[in-house]
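Just coords_37.txt here, compact mmCIF, C-alpha atoms:
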```txt
# COMPACT_ATOMS: atom_id res chain seq x y z
CA PHE K 2 -59.23 81.39 -45.08
CA ASP K 3 -57.78 82.88 -41.93
CA CYS K 4 -58.46 81.53 -38.44
CA ASP K 5 -56.88 81.25 -35.02
CA LEU K 6 -57.75 77.61 -34.29
CA VAL K 7 -58.97 74.69 -36.37
CA ILE K 8 -60.97 72.15 -34.33
CA GLY K 9 -61.37 68.82 -36.06
CA ALA K 10 -64.57 67.12 -34.93
CA ASP K 11 -65.12 65.40 -38.26
CA GLY K 12 -65.52 61.84 -37.07
CA VAL K 13 -64.22 58.44 -38.11
CA GLY K 14 -63.17 59.52 -41.60
CA SER K 15 -61.58 62.76 -40.41
CA LYS K 16 -59.58 64.82 -42.89
CA THR K 17 -58.45 67.28 -40.24
CA ARG K 18 -56.33 64.72 -38.38
CA ASN K 19 -53.87 64.56 -41.30
CA PHE K 20 -53.01 68.26 -40.98
CA ILE K 21 -51.12 67.37 -37.80
CA ALA K 22 -47.85 66.19 -39.28
CA CYS K 23 -47.23 63.11 -37.11
CA ASN K 24 -50.71 61.75 -37.91
CA ALA K 25 -50.35 61.94 -41.69
CA SER K 26 -48.98 58.41 -42.10
CA LYS K 27 -51.59 56.76 -39.84
CA GLU K 28 -54.74 55.21 -41.28
CA LEU K 29 -57.89 53.53 -40.03
CA GLU K 30 -57.32 49.85 -39.29
CA TYR K 31 -60.19 47.46 -39.97
CA ALA K 32 -60.85 45.42 -36.83
CA GLY K 33 -62.14 42.32 -38.61
CA TYR K 34 -65.89 42.59 -38.01
CA VAL K 35 -69.04 44.61 -38.63
CA ALA K 36 -71.75 45.65 -36.16
CA TRP K 37 -75.28 45.24 -37.51
CA ARG K 38 -77.84 47.23 -35.51
CA GLY K 39 -81.53 47.86 -35.19
CA THR K 40 -84.49 48.58 -32.91
CA VAL K 41 -87.91 46.94 -32.62
CA ASN K 42 -90.99 47.91 -30.61
CA THR K 43 -91.27 45.66 -27.53
CA HIS K 44 -95.01 45.03 -28.03
CA GLN K 45 -94.38 43.96 -31.61
CA VAL K 46 -91.69 41.54 -30.48
CA GLU K 47 -93.77 40.01 -27.70
CA GLN K 48 -96.79 39.50 -29.95
CA HIS K 49 -94.71 37.99 -32.74
CA LEU K 50 -92.66 35.69 -30.52
CA LYS K 51 -95.24 34.66 -27.92
CA SER K 52 -95.49 31.23 -29.50
CA ILE K 53 -91.80 30.64 -28.81
CA SER K 54 -91.79 29.31 -25.26
CA HIS K 55 -88.18 30.17 -24.44
CA TRP K 56 -88.37 33.85 -25.45
CA PRO K 57 -87.33 35.86 -22.32
CA ALA K 58 -89.87 38.61 -22.89
CA GLU K 59 -89.77 39.76 -19.28
CA HIS K 60 -85.99 40.19 -19.33
CA GLN K 61 -84.11 43.40 -19.99
CA TRP K 62 -80.91 42.04 -21.50
CA VAL K 63 -79.98 39.12 -23.73
CA LEU K 64 -76.52 37.98 -24.87
CA TYR K 65 -75.86 35.25 -27.42
CA HIS K 66 -72.46 33.91 -28.49
CA GLY K 67 -72.18 31.88 -31.66
CA ALA K 68 -69.37 30.81 -33.96
CA ASN K 69 -67.95 33.97 -35.56
CA THR K 70 -70.67 36.11 -34.05
CA GLN K 71 -71.98 37.84 -30.93
CA PHE K 72 -75.49 39.22 -30.47
CA LEU K 73 -76.71 41.41 -27.62
CA ASN K 74 -80.08 43.00 -27.02
CA TYR K 75 -81.33 45.41 -24.36
CA ILE K 76 -84.31 47.68 -23.77
CA VAL K 77 -84.11 51.43 -24.41
CA PRO K 78 -86.71 54.25 -24.19
CA ASN K 79 -88.83 55.05 -27.22
CA HIS K 80 -88.63 58.82 -27.53
CA GLN K 81 -91.40 58.89 -30.13
CA SER K 82 -93.74 57.11 -27.73
CA PRO K 83 -92.80 57.63 -24.05
CA ASP K 84 -95.22 54.93 -22.87
CA ASP K 85 -93.51 52.34 -25.04
CA LYS K 86 -90.01 50.84 -25.20
CA LEU K 87 -87.69 49.45 -27.85
CA PHE K 88 -85.51 46.38 -28.07
CA ASN K 89 -82.13 47.67 -29.21
CA TRP K 90 -79.92 44.96 -30.71
CA VAL K 91 -76.30 44.88 -31.81
CA TRP K 92 -74.92 41.96 -33.80
CA TYR K 93 -71.20 41.56 -34.43
CA CYS K 94 -70.26 39.51 -37.51
CA LYS K 95 -66.75 38.57 -38.58
CA TYR K 96 -65.58 39.30 -42.13
CA THR K 97 -62.03 39.11 -43.39
CA THR K 98 -60.80 42.18 -45.26
CA GLU K 99 -61.21 40.31 -48.55
CA GLU K 100 -64.73 39.17 -47.64
CA LEU K 101 -65.79 42.67 -46.62
CA GLN K 102 -64.56 44.23 -49.85
CA LYS K 103 -66.81 41.86 -51.81
CA GLN K 104 -69.97 42.57 -49.82
CA SER K 105 -72.77 44.25 -51.77
CA PHE K 106 -74.27 45.66 -48.54
CA LEU K 107 -71.57 48.36 -48.68
CA ILE K 108 -73.60 49.86 -51.56
CA ASP K 109 -76.70 51.77 -50.42
CA LYS K 110 -80.07 51.97 -52.15
CA HIS K 111 -78.85 55.04 -54.08
CA ASN K 112 -75.85 53.07 -55.40
CA GLN K 113 -73.39 54.97 -53.20
CA LYS K 114 -70.58 53.08 -51.45
CA ARG K 115 -70.54 53.37 -47.63
CA LEU K 116 -67.15 52.32 -46.27
CA HIS K 117 -67.68 53.30 -42.61
CA SER K 118 -71.37 52.90 -41.83
CA MET K 119 -74.84 52.67 -43.33
CA PRO K 120 -77.45 55.12 -42.00
CA ARG K 121 -80.83 53.81 -40.93
CA GLY K 122 -83.16 53.36 -43.90
CA GLU K 123 -80.44 53.38 -46.56
CA LEU K 124 -79.87 49.63 -47.07
CA SER K 125 -80.84 48.35 -50.50
CA GLN K 126 -83.56 45.71 -50.83
CA PRO K 127 -81.05 42.94 -51.73
CA SER K 128 -79.05 43.86 -48.62
CA LEU K 129 -82.15 43.62 -46.43
CA ILE K 130 -82.75 40.12 -47.81
CA TYR K 131 -79.08 39.26 -47.21
CA VAL K 132 -79.09 40.28 -43.53
CA ALA K 133 -82.30 38.32 -42.89
CA HIS K 134 -80.79 35.18 -44.43
CA LEU K 135 -77.56 35.71 -42.52
CA ALA K 136 -79.50 35.94 -39.25
CA ASP K 137 -81.21 32.61 -39.95
CA GLU K 138 -77.83 31.06 -40.72
CA LEU K 139 -75.82 32.36 -37.74
CA LEU K 140 -78.20 33.22 -34.91
CA GLU K 141 -80.40 31.40 -32.45
CA GLU K 142 -84.09 31.50 -33.46
CA THR K 143 -85.32 34.36 -31.27
CA CYS K 144 -82.32 36.57 -32.04
CA ALA K 145 -82.81 35.95 -35.76
CA GLU K 146 -86.48 36.92 -35.45
CA LEU K 147 -85.49 40.26 -33.87
CA VAL K 148 -83.30 41.01 -36.88
CA LYS K 149 -86.05 40.07 -39.34
CA LEU K 150 -88.63 42.18 -37.47
CA THR K 151 -86.45 45.28 -37.87
CA LYS K 152 -87.68 47.46 -40.73
CA GLU K 153 -84.53 49.56 -41.07
CA PRO K 154 -81.40 47.72 -39.93
CA PHE K 155 -78.09 49.47 -40.40
CA TYR K 156 -74.43 48.73 -39.83
CA GLN K 157 -71.12 50.11 -38.61
CA VAL K 158 -67.82 48.76 -39.90
CA ILE K 159 -65.55 48.45 -36.86
CA TYR K 160 -62.25 50.30 -37.14
CA ASP K 161 -59.38 51.16 -34.82
CA TYR K 162 -57.54 54.47 -34.93
CA LYS K 163 -55.11 56.10 -32.51
CA CYS K 164 -53.71 59.48 -33.38
CA SER K 165 -50.14 60.35 -32.40
CA GLN K 166 -51.05 63.88 -31.35
CA MET K 167 -54.35 65.65 -30.60
CA ALA K 168 -53.17 69.27 -30.71
CA GLU K 169 -50.45 71.11 -32.60
CA TYR K 170 -49.36 74.68 -31.87
CA ARG K 171 -48.47 76.86 -34.83
CA HIS K 172 -47.14 80.39 -34.98
CA SER K 173 -45.51 82.98 -37.21
CA ASP K 174 -44.03 86.41 -36.70
CA THR K 175 -47.48 87.98 -36.72
CA ASN K 176 -49.91 85.48 -35.23
CA GLU K 177 -50.37 82.15 -33.46
CA GLY K 178 -52.90 79.36 -33.58
CA GLY K 179 -53.19 75.61 -33.85
CA ILE K 180 -55.03 72.47 -34.86
CA ILE K 181 -57.02 70.44 -32.32
CA LEU K 182 -58.75 67.04 -32.62
CA VAL K 183 -61.77 65.89 -30.61
CA GLY K 184 -63.86 62.73 -30.52
CA ASP K 185 -63.55 60.11 -33.26
CA ALA K 186 -61.21 62.34 -35.23
CA ALA K 187 -58.56 61.54 -32.61
CA PHE K 188 -59.45 58.01 -31.41
CA VAL K 189 -61.90 55.59 -32.96
CA LEU K 190 -63.12 53.31 -30.19
CA ARG K 191 -64.90 50.00 -30.65
CA PRO K 192 -68.48 50.05 -29.31
CA HIS K 193 -67.99 47.37 -26.64
CA ILE K 194 -66.94 49.79 -23.91
CA THR K 195 -69.68 52.34 -24.78
CA LYS K 196 -67.33 55.29 -24.22
CA ALA K 197 -67.12 57.11 -27.57
CA THR K 198 -69.70 59.79 -26.74
CA SER K 199 -68.46 60.39 -23.20
CA LYS K 200 -64.88 60.56 -24.46
CA ALA K 201 -65.84 63.20 -27.04
CA SER K 202 -67.64 65.14 -24.31
CA GLY K 203 -64.53 64.89 -22.15
CA ASP K 204 -62.43 66.25 -25.01
CA ALA K 205 -64.78 69.23 -25.40
CA LEU K 206 -64.81 69.98 -21.66
CA ALA K 207 -61.02 69.77 -21.40
CA LEU K 208 -60.64 72.06 -24.40
CA GLU K 209 -63.02 74.57 -22.85
CA LYS K 210 -61.06 74.46 -19.59
CA TYR K 211 -57.68 75.18 -21.13
CA LEU K 212 -58.89 77.75 -23.65
CA THR K 213 -60.69 79.58 -20.83
CA GLN K 214 -57.42 79.66 -18.88
CA TYR K 215 -55.72 81.07 -21.99
CA LYS K 216 -58.47 83.65 -22.43
CA ASP K 217 -58.04 84.70 -18.79
CA GLN K 218 -54.29 85.01 -19.42
CA GLN K 219 -53.43 82.32 -16.88
CA ILE K 220 -51.49 80.33 -19.49
CA THR K 221 -50.27 80.85 -23.06
CA LEU K 222 -51.98 79.31 -26.07
CA LYS K 223 -49.01 77.00 -26.53
CA GLN K 224 -49.41 75.80 -22.94
CA ALA K 225 -53.17 75.39 -23.38
CA LEU K 226 -52.75 73.11 -26.39
CA SER K 227 -49.95 71.17 -24.72
CA LEU K 228 -52.00 70.57 -21.57
CA TYR K 229 -55.03 69.52 -23.62
CA ASN K 230 -52.93 67.12 -25.68
CA GLU K 231 -51.30 65.55 -22.62
CA GLU K 232 -54.57 65.01 -20.75
CA ARG K 233 -56.70 63.73 -23.60
CA MET K 234 -54.05 61.56 -25.27
CA ALA K 235 -53.67 59.59 -22.04
CA GLU K 236 -57.43 59.04 -21.83
CA GLY K 237 -57.71 58.16 -25.52
CA ILE K 238 -54.89 55.61 -25.45
CA ASP K 239 -56.30 53.92 -22.35
CA LEU K 240 -59.84 53.65 -23.76
CA SER K 241 -58.60 52.53 -27.17
CA ASN K 242 -56.54 49.73 -25.66
CA LYS K 243 -59.49 48.58 -23.53
CA SER K 244 -61.92 48.61 -26.48
CA ILE K 245 -59.53 46.59 -28.65
CA GLU K 246 -58.86 44.05 -25.90
CA LEU K 247 -62.56 43.54 -25.17
CA GLY K 248 -63.58 43.43 -28.84
CA ASN K 249 -60.97 40.84 -29.70
CA ALA K 250 -61.98 38.71 -26.71
CA VAL K 251 -65.74 38.64 -27.36
CA VAL K 252 -65.77 38.56 -31.17
CA LEU K 253 -62.48 37.55 -32.76
CA GLU K 254 -61.06 35.09 -30.26
CA ILE K 255 -64.19 33.14 -29.38
CA LYS K 256 -63.82 29.50 -30.33
CA ASP K 257 -66.08 27.57 -32.67
CA ARG K 258 -68.28 25.09 -30.82
CA ASP K 259 -71.83 23.80 -30.71
CA PHE K 260 -73.65 27.02 -29.85
CA ASN K 261 -77.17 25.96 -29.05
CA GLN K 262 -79.95 27.14 -26.81
CA GLU K 263 -78.02 26.70 -23.56
CA TYR K 264 -75.70 29.54 -24.59
CA VAL K 265 -78.43 32.13 -24.68
CA ARG K 266 -77.98 34.26 -21.58
CA SER K 267 -80.47 36.73 -20.17
CA SER K 268 -80.85 38.71 -16.98
CA ARG K 269 -83.32 41.08 -15.49
```
As structure tokens - that is how I would like this structure written.
Amino acid sequence: FDCDLVIGADGVGSKTRNFIACNASKELEYAGYVAWRGTVNTHQVEQHLKSISHWPAEHQWVLYHGANTQFLNYIVPNHQSPDDKLFNWVWYCKYTTEELQKQSFLIDKHNQKRLHSMPRGELSQPSLIYVAHLADELLEETCAELVKLTKEPFYQVIYDYKCSQMAEYRHSDTNEGGIILVGDAAFVLRPHITKATSKASGDALALEKYLTQYKDQQITLKQALSLYNEERMAEGIDLSNKSIELGNAVVLEIKDRDFNQEYVRSSR
């Protein structure tokens, strides 16, 4: 088909990124761990765990470090019930590449393989049993109970990706155009810095700015794509480096030790 611009906003597993020549040889790099996730109604949690004296029910944020694992939990709004709130938990678990490839939880309840993430509600019954047992094995009691109370846990395999170029200008004797990457298609950030959505928004706003200048004939299309690439590559590289540094520090480089109740941290 014919077009002026191709904008690749096709996420972690982007196909568009490979149409920019210098990106073709780059691939996703597995970071060495998986993020399990879920949400639970706060009232349900408090009623279920009220017999556990050390449960910090009045607190807004909980962080637990264990051998080969990190668990964090915080309160978020419940959009389906504005008067209620949800505990939102994220649990990072280390798997070597070989271990991950053998995991049956990569297969959903429809027998489809999910290499990047598992949508909510798609885990198979054996995988639900697996994650509950894993929580009992690796987590402190209250954190494990949060996992087991979650009806539809899901996961995200953590990858790193840095493109070499976010925009490429193309032209012929009769027309001009280009290929542009935004969001995860250009840089896959680890969740620890919570910047993936704002970075994608920043990409979109920068693209609008430079294409508007082109439309108003202030700059050429070649200049617009060059300016976009220069601005957003710098931001993407900086955020990617920070997310890798933080992820390695809090998940991969933490030392094995006796992680018991004193290592549960919470704050209002």
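Counting from CA of Ala36 in chain K, the distance to CA of Lys86 in chain K is 21.9 Å.
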Item to complete: May I ask for the distance between CA of Glu209 in chain K and CA of Ser241 in chain K, given in Å to one decimal place?
Response: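 Separating CA of Glu209 in chain K from CA of Ser241 in chain K is a distance of 22.9 Å.
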Against range 175-197 of chain K, which residues of range 83-132 of chain K fall within 12 Å? For each one I want the closest pair of atoms and the distance in Å (one decimal), counting only C-alpha atoms, rows by chain and increasing residue number, as CSV.
```
residue,atom,partner,partner_atom,distance
K:Val91,CA,K:Pro192,CA,9.7
K:Trp92,CA,K:Pro192,CA,11.3
K:Tyr93,CA,K:His193,CA,10.2
K:His117,CA,K:Val189,CA,11.5
```
Go ahead and fit an axis-aligned box to every listed atom of range 163-171 of chain K plus 4 Å each side, and pass me the centre and edge lengths in Å, one decimal, as AutoDock Vina command-line options.
```
--center_x -51.8 --center_y 66.5 --center_z -32.7 --size_x 14.6 --size_y 28.8 --size_z 12.2
```
Worksheet item: Can you list, as an MDAnalysis selection string, every protein, DNA or RNA residue that comes within 10 Å of Leu147 in chain K when you count only C-alpha atoms, leaving out same-chain residues fewer than 3 positions away?
Response: chainID K and resid 39:42 45:46 49:50 74 88:90 133 136 142:144 150:151
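Among the candidates K:Ala32, K:Leu206, K:Ala201, K:Val158, the one nearest to Asp11 in chain K when counting only C-alpha atoms is K:Ala201.
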Item to complete: Could you jot down the CA of Leu29 in chain K to CA of Ser165 in chain K separation for me, Å, one decimal place?
Response: 12.8 Å
Discussion item. Considering all atoms listed in the file, can you say which of K:Val35, K:Leu247, K:Lys149, K:Leu87 comes closest to Asp137 in chain K?
Written reply: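 For Asp137 in chain K, the nearest of the candidates is K:Lys149.
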Worksheet item: For Trp37 in chain K, which of K:Tyr229, K:Phe155, K:Tyr75, K:Tyr160 is the closest residue, counting only C-alpha atoms?
Response: K:Phe155
Using only C-alpha atoms and a cutoff of 12 Å, can you tell me which residues are near (-58.6, 38.3, -32.3) in the file's coordinates, and write them out as a short mmCIF file (atom, residue, chain, number, x, y, z; two decimals) with C-alpha atoms, keeping the file's coordinate frame?
```cif
data_model
loop_
_atom_site.label_atom_id
_atom_site.label_comp_id
_atom_site.auth_asym_id
_atom_site.auth_seq_id
_atom_site.Cartn_x
_atom_site.Cartn_y
_atom_site.Cartn_z
CA ALA K 32 -60.85 45.42 -36.83
CA GLY K 33 -62.14 42.32 -38.61
CA TYR K 34 -65.89 42.59 -38.01
CA ASN K 69 -67.95 33.97 -35.56
CA LYS K 95 -66.75 38.57 -38.58
CA THR K 97 -62.03 39.11 -43.39
CA ILE K 245 -59.53 46.59 -28.65
CA GLU K 246 -58.86 44.05 -25.90
CA LEU K 247 -62.56 43.54 -25.17
CA GLY K 248 -63.58 43.43 -28.84
CA ASN K 249 -60.97 40.84 -29.70
CA ALA K 250 -61.98 38.71 -26.71
CA VAL K 251 -65.74 38.64 -27.36
CA VAL K 252 -65.77 38.56 -31.17
CA LEU K 253 -62.48 37.55 -32.76
CA GLU K 254 -61.06 35.09 -30.26
CA ILE K 255 -64.19 33.14 -29.38
CA LYS K 256 -63.82 29.50 -30.33
#
```
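Closest to Lys27 in chain K among K:Tyr162, K:Arg233, K:Gln219, K:Leu212 is K:Tyr162, based on only C-alpha atoms.
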Worksheet entry | Long-range neighbours of Leu140 in chain K as a list in words, 10 Å cut-off, only C-alpha atoms, 3 positions minimum in chain |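 Listing them by chain and then by number gives Tyr65, His66, Gly67, Ala68, Thr70, Gln71, Phe72, Trp92, Leu135, Ala136, Asp137, Thr143, Cys144, Ala145, Glu146, Val148, Phe260 and Asn261 of chain K.
Restricting the calculation to all atoms listed in the file, the smallest distance between Ala225 in chain K and any of K:Thr213, K:Ser26, K:Thr98, K:Gln104 is found for K:Thr213.
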Discussion item. Measuring between only C-alpha atoms, which one of K:Met167, K:Ile108, K:Leu116, K:Ala205 shows the shortest distance to Ile238 in chain K?
Written reply: K:Met167
